[in-house]
$ cat protein-v8.cif   # mmCIF, C-alpha atoms and all ligand atoms; chains and numbers go by the auth columns
data_structure
#
loop_
_atom_site.group_PDB
_atom_site.id
_atom_site.type_symbol
_atom_site.label_atom_id
_atom_site.label_comp_id
_atom_site.label_asym_id
_atom_site.label_seq_id
_atom_site.Cartn_x
_atom_site.Cartn_y
_atom_site.Cartn_z
_atom_site.B_iso_or_equiv
_atom_site.auth_seq_id
_atom_site.auth_asym_id
ATOM 1 C CA MET A 1 -97.404 81.780 20.320 0.00 1 A
ATOM 2 C CA LEU A 2 -96.784 82.461 16.669 0.00 2 A
ATOM 3 C CA PHE A 3 -97.655 86.188 16.658 0.00 3 A
ATOM 4 C CA GLY A 4 -95.396 86.865 19.614 0.00 4 A
ATOM 5 C CA HIS A 5 -92.446 85.001 18.133 0.00 5 A
ATOM 6 C CA ILE A 6 -92.782 86.824 14.803 0.00 6 A
ATOM 7 C CA ALA A 7 -92.997 90.132 16.672 0.00 7 A
ATOM 8 C CA VAL A 8 -89.858 89.399 18.699 0.00 8 A
ATOM 9 C CA SER A 9 -87.977 88.493 15.509 0.00 9 A
ATOM 10 C CA LEU A 10 -89.106 91.687 13.764 0.00 10 A
ATOM 11 C CA LEU A 11 -87.969 93.777 16.727 0.00 11 A
ATOM 12 C CA GLN A 12 -84.613 91.962 16.700 0.00 12 A
ATOM 13 C CA HIS A 13 -84.349 92.788 13.005 0.00 13 A
ATOM 14 C CA ARG A 14 -84.932 96.437 13.761 0.00 14 A
ATOM 15 C CA TYR A 15 -82.967 96.945 16.961 0.00 15 A
ATOM 16 C CA LEU A 16 -80.187 94.340 16.654 0.00 16 A
ATOM 17 C CA LYS A 17 -79.691 94.857 12.901 0.00 17 A
ATOM 18 C CA ALA A 18 -80.259 91.156 12.203 0.00 18 A
ATOM 19 C CA ASP A 19 -81.101 90.188 8.609 0.00 19 A
ATOM 20 C CA LEU A 20 -84.861 89.790 8.290 0.00 20 A
ATOM 21 C CA ALA A 21 -85.296 86.333 6.715 0.00 21 A
ATOM 22 C CA PRO A 22 -82.847 84.401 8.909 0.00 22 A
ATOM 23 C CA VAL A 23 -83.903 86.127 12.140 0.00 23 A
ATOM 24 C CA VAL A 24 -87.572 85.300 11.494 0.00 24 A
ATOM 25 C CA ALA A 25 -86.743 81.739 10.389 0.00 25 A
ATOM 26 C CA GLY A 26 -84.535 81.183 13.433 0.00 26 A
ATOM 27 C CA GLY A 27 -87.257 82.634 15.624 0.00 27 A
ATOM 28 C CA LEU A 28 -89.803 80.147 14.325 0.00 28 A
ATOM 29 C CA LEU A 29 -87.747 76.970 13.956 0.00 29 A
ATOM 30 C CA PRO A 30 -87.949 75.772 17.579 0.00 30 A
ATOM 31 C CA ASP A 31 -91.744 75.553 17.432 0.00 31 A
ATOM 32 C CA VAL A 32 -91.889 74.341 13.828 0.00 32 A
ATOM 33 C CA LEU A 33 -89.535 71.482 14.702 0.00 33 A
ATOM 34 C CA ASP A 34 -90.887 70.512 18.099 0.00 34 A
ATOM 35 C CA LYS A 35 -94.607 71.048 17.441 0.00 35 A
ATOM 36 C CA THR A 36 -94.309 69.008 14.247 0.00 36 A
ATOM 37 C CA MET A 37 -92.464 66.208 16.072 0.00 37 A
ATOM 38 C CA CYS A 38 -95.016 66.173 18.922 0.00 38 A
ATOM 39 C CA GLN A 39 -98.411 67.310 17.676 0.00 39 A
ATOM 40 C CA VAL A 40 -98.221 66.148 14.049 0.00 40 A
ATOM 41 C CA LEU A 41 -95.878 63.146 13.929 0.00 41 A
ATOM 42 C CA HIS A 42 -96.371 62.051 17.582 0.00 42 A
ATOM 43 C CA VAL A 43 -92.727 60.940 17.943 0.00 43 A
ATOM 44 C CA THR A 44 -91.861 63.091 20.997 0.00 44 A
ATOM 45 C CA PRO A 45 -93.854 63.562 24.214 0.00 45 A
ATOM 46 C CA SER A 46 -93.462 67.335 24.430 0.00 46 A
ATOM 47 C CA GLY A 47 -93.788 70.282 22.097 0.00 47 A
ATOM 48 C CA ARG A 48 -90.610 71.652 23.651 0.00 48 A
ATOM 49 C CA MET A 49 -87.715 69.261 23.222 0.00 49 A
ATOM 50 C CA TRP A 50 -84.792 69.238 20.757 0.00 50 A
ATOM 51 C CA GLY A 51 -85.671 72.545 19.131 0.00 51 A
ATOM 52 C CA HIS A 52 -85.825 74.308 22.476 0.00 52 A
ATOM 53 C CA THR A 53 -82.251 73.535 23.532 0.00 53 A
ATOM 54 C CA LEU A 54 -78.844 75.166 23.313 0.00 54 A
ATOM 55 C CA LEU A 55 -77.757 72.095 21.338 0.00 55 A
ATOM 56 C CA GLY A 56 -80.493 72.818 18.772 0.00 56 A
ATOM 57 C CA LEU A 57 -79.346 76.427 18.627 0.00 57 A
ATOM 58 C CA ALA A 58 -75.692 75.424 18.092 0.00 58 A
ATOM 59 C CA VAL A 59 -76.338 72.730 15.470 0.00 59 A
ATOM 60 C CA SER A 60 -78.830 74.745 13.444 0.00 60 A
ATOM 61 C CA SER A 61 -76.637 77.870 13.574 0.00 61 A
ATOM 62 C CA LEU A 62 -73.686 75.834 12.318 0.00 62 A
ATOM 63 C CA ILE A 63 -75.785 74.484 9.443 0.00 63 A
ATOM 64 C CA VAL A 64 -76.950 78.001 8.538 0.00 64 A
ATOM 65 C CA ASP A 65 -73.342 79.229 8.733 0.00 65 A
ATOM 66 C CA ILE A 66 -72.145 76.528 6.328 0.00 66 A
ATOM 67 C CA ALA A 67 -75.101 76.981 3.960 0.00 67 A
ATOM 68 C CA CYS A 68 -75.569 80.765 4.032 0.00 68 A
ATOM 69 C CA GLY A 69 -72.554 82.339 5.749 0.00 69 A
ATOM 70 C CA PRO A 70 -71.797 83.959 9.095 0.00 70 A
ATOM 71 C CA ARG A 71 -74.030 87.002 8.673 0.00 71 A
ATOM 72 C CA SER A 72 -77.110 84.813 8.202 0.00 72 A
ATOM 73 C CA ALA A 73 -75.971 82.471 10.995 0.00 73 A
ATOM 74 C CA ARG A 74 -75.676 85.438 13.383 0.00 74 A
ATOM 75 C CA ALA A 75 -79.205 86.597 12.533 0.00 75 A
ATOM 76 C CA TRP A 76 -80.492 83.014 12.801 0.00 76 A
ATOM 77 C CA ALA A 77 -78.928 82.602 16.268 0.00 77 A
ATOM 78 C CA ILE A 78 -80.378 85.938 17.426 0.00 78 A
ATOM 79 C CA GLY A 79 -83.865 84.872 16.330 0.00 79 A
ATOM 80 C CA TYR A 80 -83.449 81.429 17.876 0.00 80 A
ATOM 81 C CA VAL A 81 -82.314 82.801 21.254 0.00 81 A
ATOM 82 C CA GLY A 82 -85.177 85.306 21.164 0.00 82 A
ATOM 83 C CA HIS A 83 -87.611 82.414 20.770 0.00 83 A
ATOM 84 C CA LEU A 84 -86.174 80.487 23.700 0.00 84 A
ATOM 85 C CA VAL A 85 -86.130 83.559 25.952 0.00 85 A
ATOM 86 C CA ALA A 86 -89.719 84.411 24.971 0.00 86 A
ATOM 87 C CA ASP A 87 -90.753 80.872 25.933 0.00 87 A
ATOM 88 C CA THR A 88 -89.278 81.017 29.434 0.00 88 A
ATOM 89 C CA GLY A 89 -92.685 81.539 31.057 0.00 89 A
ATOM 90 C CA ARG A 90 -93.010 77.765 30.759 0.00 90 A
ATOM 91 C CA GLN A 91 -90.453 74.957 30.690 0.00 91 A
ATOM 92 C CA VAL A 92 -87.576 75.375 28.252 0.00 92 A
ATOM 93 C CA PRO A 93 -85.149 72.409 28.341 0.00 93 A
ATOM 94 C CA TRP A 94 -82.086 74.564 27.591 0.00 94 A
ATOM 95 C CA LEU A 95 -79.553 71.841 28.441 0.00 95 A
ATOM 96 C CA TYR A 96 -81.360 68.742 27.138 0.00 96 A
ATOM 97 C CA PRO A 97 -80.076 66.022 26.512 0.00 97 A
ATOM 98 C CA PHE A 98 -77.184 66.745 28.918 0.00 98 A
ATOM 99 C CA VAL A 99 -79.567 67.387 31.816 0.00 99 A
ATOM 100 C CA ASP A 100 -82.694 65.344 32.575 0.00 100 A
ATOM 101 C CA TYR A 101 -86.008 67.146 32.318 0.00 101 A
ATOM 102 C CA GLU A 102 -89.469 65.918 33.159 0.00 102 A
ATOM 103 C CA PHE A 103 -91.398 66.340 29.936 0.00 103 A
ATOM 104 C CA LYS A 104 -95.077 66.585 30.658 0.00 104 A
ATOM 105 C CA PRO A 105 -97.248 65.309 27.799 0.00 105 A
ATOM 106 C CA SER A 106 -98.256 68.194 25.540 0.00 106 A
ATOM 107 C CA PRO A 107 -101.861 68.674 24.517 0.00 107 A
ATOM 108 C CA GLY A 108 -102.840 68.157 20.893 0.00 108 A
ATOM 109 C CA LEU A 109 -102.725 70.944 18.335 0.00 109 A
ATOM 110 C CA ARG A 110 -106.500 71.456 18.506 0.00 110 A
ATOM 111 C CA GLU A 111 -106.333 71.874 22.291 0.00 111 A
ATOM 112 C CA ILE A 112 -103.430 74.326 22.017 0.00 112 A
ATOM 113 C CA LEU A 113 -105.369 76.448 19.501 0.00 113 A
ATOM 114 C CA ARG A 114 -108.527 76.279 21.669 0.00 114 A
ATOM 115 C CA ARG A 115 -106.629 77.474 24.735 0.00 115 A
ATOM 116 C CA PHE A 116 -105.026 80.288 22.746 0.00 116 A
ATOM 117 C CA ALA A 117 -108.392 81.394 21.347 0.00 117 A
ATOM 118 C CA GLU A 118 -109.858 81.506 24.867 0.00 118 A
ATOM 119 C CA ASP A 119 -106.962 83.479 26.360 0.00 119 A
ATOM 120 C CA HIS A 120 -107.989 86.982 25.300 0.00 120 A
ATOM 121 C CA ARG A 121 -105.160 88.588 27.267 0.00 121 A
ATOM 122 C CA GLU A 122 -102.544 86.595 25.339 0.00 122 A
ATOM 123 C CA ILE A 123 -104.212 87.416 22.011 0.00 123 A
ATOM 124 C CA VAL A 124 -104.274 91.136 22.825 0.00 124 A
ATOM 125 C CA VAL A 125 -100.661 91.195 24.040 0.00 125 A
ATOM 126 C CA GLU A 126 -99.286 89.207 21.097 0.00 126 A
ATOM 127 C CA SER A 127 -101.375 91.039 18.481 0.00 127 A
ATOM 128 C CA GLY A 128 -100.381 94.396 19.934 0.00 128 A
ATOM 129 C CA LEU A 129 -96.724 93.424 19.989 0.00 129 A
ATOM 130 C CA LEU A 130 -96.940 92.197 16.402 0.00 130 A
ATOM 131 C CA ALA A 131 -98.669 95.413 15.249 0.00 131 A
ATOM 132 C CA TRP A 132 -95.963 97.489 16.953 0.00 132 A
ATOM 133 C CA ALA A 133 -93.186 95.351 15.447 0.00 133 A
ATOM 134 C CA LEU A 134 -94.732 95.475 11.966 0.00 134 A
ATOM 135 C CA PHE A 135 -95.113 99.251 12.180 0.00 135 A
ATOM 136 C CA TRP A 136 -91.447 99.770 13.105 0.00 136 A
ATOM 137 C CA THR A 137 -90.209 97.190 10.614 0.00 137 A
ATOM 138 C CA LEU A 138 -92.195 98.673 7.737 0.00 138 A
ATOM 139 C CA ASN A 139 -91.199 102.176 8.808 0.00 139 A
ATOM 140 C CA ARG A 140 -87.508 101.200 8.748 0.00 140 A
ATOM 141 C CA THR A 141 -87.605 99.340 5.448 0.00 141 A
ATOM 142 C CA GLY A 142 -89.005 102.174 3.420 0.00 142 A
ATOM 143 C CA PHE A 143 -92.635 102.696 4.355 0.00 143 A
ATOM 144 C CA GLY A 144 -91.842 105.995 6.090 0.00 144 A
ATOM 145 C CA ARG A 145 -89.172 107.062 3.616 0.00 145 A
ATOM 146 C CA ARG A 146 -91.362 106.591 0.575 0.00 146 A
ATOM 147 C CA LYS A 147 -94.093 108.567 2.264 0.00 147 A
ATOM 148 C CA ALA A 148 -91.656 111.403 3.039 0.00 148 A
ATOM 149 C CA GLU A 149 -90.238 111.388 -0.484 0.00 149 A
ATOM 150 C CA GLY A 150 -93.619 111.221 -2.202 0.00 150 A
HETATM 151 ZN ZN ZN B . -91.379 77.565 21.525 0.00 201 A
#
$ encode --input "protein-v8.cif" --output "structure tokens"
Amino acid sequence: MLFGHIAVSLLQHRYLKADLAPVVAGGLLPDVLDKTMCQVLHVTPSGRMWGHTLLGLAVSSLIVDIACGPRSARAWAIGYVGHLVADTGRQVPWLYPFVDYEFKPSPGLREILRRFAEDHREIVVESGLLAWALFWTLNRTGFGRRKAEG
């Protein structure tokens, strides 16, 4: 969920040298778009549709390229791909709408949060990953250097 996707983006920032803001934004957009369309606006049947596709990746990366330049678009695409790869434990409609997928109805937002809260293993894994990613990100961006200088 959210913690895991932020953690993956932070690690991409550190290890793939992707700019922080666009890599995190690109890493969150698929869920922000699709969960909003499904769980909030109720206009799509699944919380993984347009935002979880290669078409979504291409179109949004092009928009970021035009608006912010190629460096930001590269970081955005890295974050976006990281999100889709991290989601592969469940259905990701990579090639939608060019390939038909059976979209099972997604549960409501309250049900999703309830399931997450009850899955202690997922909470521990995602929180641990986020703590590790935050440590290395802060260490790289000056936390460790300031400590050494001071
Ligand atoms: Zn997702």
$ resolve_selection --input "protein-v8.cif" --expression "the PyMOL selection byres (((not hetatm)) within 9 of (chain A and resi 201))" --output "list of chain:residue names"
A:Met1, A:Leu2, A:His5, A:Gly27, A:Leu28, A:Leu29, A:Pro30, A:Asp31, A:Val32, A:Asp34, A:Lys35, A:Gly47, A:Arg48, A:Gly51, A:His52, A:His83, A:Leu84, A:Ala86, A:Asp87, A:Thr88, A:Val92
$ residues_around --input "protein-v8.cif" --residues "Glu122 (chain A)" --least-positions-apart "6" --cutoff "12 Å" --atoms "only C-alpha atoms" --output "PyMOL selection string"
chain A and resi 1-4+115-116+128-130
$ residues_around --input "protein-v8.cif" --residues "Leu55 (chain A)" --least-positions-apart "5" --cutoff "12 Å" --atoms "all atoms listed in the file" --output "PyMOL selection string"
chain A and resi 30+49-50+60-62+77+80-81+93-99
$ closest_residue --input "protein-v8.cif" --among "A:Thr53, A:Thr137, A:Ser127, A:Gln91" --to "Phe103 (chain A)" --atoms "only C-alpha atoms"
A:Gln91
$ closest_residue --input "protein-v8.cif" --among "A:Gly89, A:Gly79, A:Gly108, A:Pro45" --to "Ile6 (chain A)" --atoms "all atoms listed in the file"
A:Gly79
$ resolve_selection --input "protein-v8.cif" --expression "the PyMOL selection byres (((chain A and resi 133) around 8) and not hetatm)" --output "ChimeraX atom specification"
/A:7-8,10-11,129-132,134-137
$ atom_distance --input "protein-v8.cif" --atom1 "CA of Cys38 (chain A)" --atom2 "CA of Ala58 (chain A)"
21.4 Å
$ axis_aligned_box --input "protein-v8.cif" --around "region 87-106 of chain A" --padding-each-side "8 Å" --output "AutoDock Vina command-line options"
--center_x -87.7 --center_y 73.4 --center_z 29.3 --size_x 37.1 --size_y 32.2 --size_z 23.6
$ atom_distance --input "protein-v8.cif" --atom1 "CA of Pro22 (chain A)" --atom2 "CA of Asp65 (chain A)"
10.8 Å
$ atom_distance --input "protein-v8.cif" --atom1 "CA of Gln39 (chain A)" --atom2 "CA of Ala73 (chain A)"
27.9 Å
